[in-house]
Amino acid sequence: MSRIGFSTAFVRATSESQSSFEFDYPFPDYRAGGNYVEVKIGSTFIDKSRYEIIDDKSSNEDVYKGKINFINESLDINRAVNLLFIYNSA
């Protein structure tokens with residue numbers, strides 16, 4: 001039996017025309033387990049073809065943080081990117 005867990009986070013543009021944002025995962029090695037990240041700007045769902053997520057490995061090789069890079073687009077200052085983390089939970 002499995003249960004679905006959810007966690008949310010948001011990052012805000014701190015400069016004009018920002019296209020790259022760092023964020024924290026809800027737990028270490030989040031994406032290694034095949035978990036999913038849904039990305040929204042405001043109420044608009046952002047398709048995976050419009051961004052890439054790059055994991056940031058720590059010195060012990062675990063991944064606690066990531067960076068989302070938008071491809072061919074940027075956000076105005078103070079605009080927020082909402083991240084919904086969906087995962088299997090015990």
# chains A, B, ... in the order shown; residues from 1 in each chain; ligands from 1
>>> residues_around(residues="range 53-63 of chain A", least_positions_apart="4", cutoff="7 Å", atoms="only C-alpha atoms", output="list in words")
Pro28, Asp29, Lys67, Ile68 and Asn69 of chain A
>>> closest_residue(among="A:Ile71, A:Val11, A:Ile77, A:Leu83", to="Thr44 in chain A", atoms="only C-alpha atoms")
A:Leu83
>>> residues_around(residues="Ser15 in chain A", least_positions_apart="2", cutoff="10 Å", atoms="only C-alpha atoms", output="compact mmCIF listing (two decimals) with C-alpha atoms, in the first residue's frame")
# COMPACT_ATOMS: atom_id res chain seq x y z
CA ARG A 12 10.46 34.74 -5.96
CA ALA A 13 12.33 36.70 -8.63
CA SER A 17 14.31 39.24 -16.13
CA GLN A 18 15.39 36.42 -13.80
CA SER A 19 15.34 32.96 -15.36
CA LEU A 75 10.22 36.50 -14.87
CA ASP A 76 9.69 40.06 -13.76
CA ILE A 77 10.92 41.11 -10.33
CA ASN A 78 8.75 39.85 -7.41
CA ARG A 79 7.01 37.23 -9.56
>>> closest_residue(among="A:Lys65, A:Thr14, A:Tyr51, A:Ser20", to="Glu38 in chain A", atoms="only C-alpha atoms")
A:Tyr51
>>> atom_distance(atom1="CA of Leu84 in chain A", atom2="CA of Phe10 in chain A")
8.7 Å
>>> closest_residue(among="A:Phe6, A:Phe45, A:Tyr30, A:Tyr36", to="Val81 in chain A", atoms="only C-alpha atoms")
A:Phe45
>>> select_by_dssp(residues="chain A", states="helix (DSSP H, G or I)", output="list in words")
Tyr30, Arg31, Ala32, Gly33, Lys48, Ser49 and Arg50 of chain A
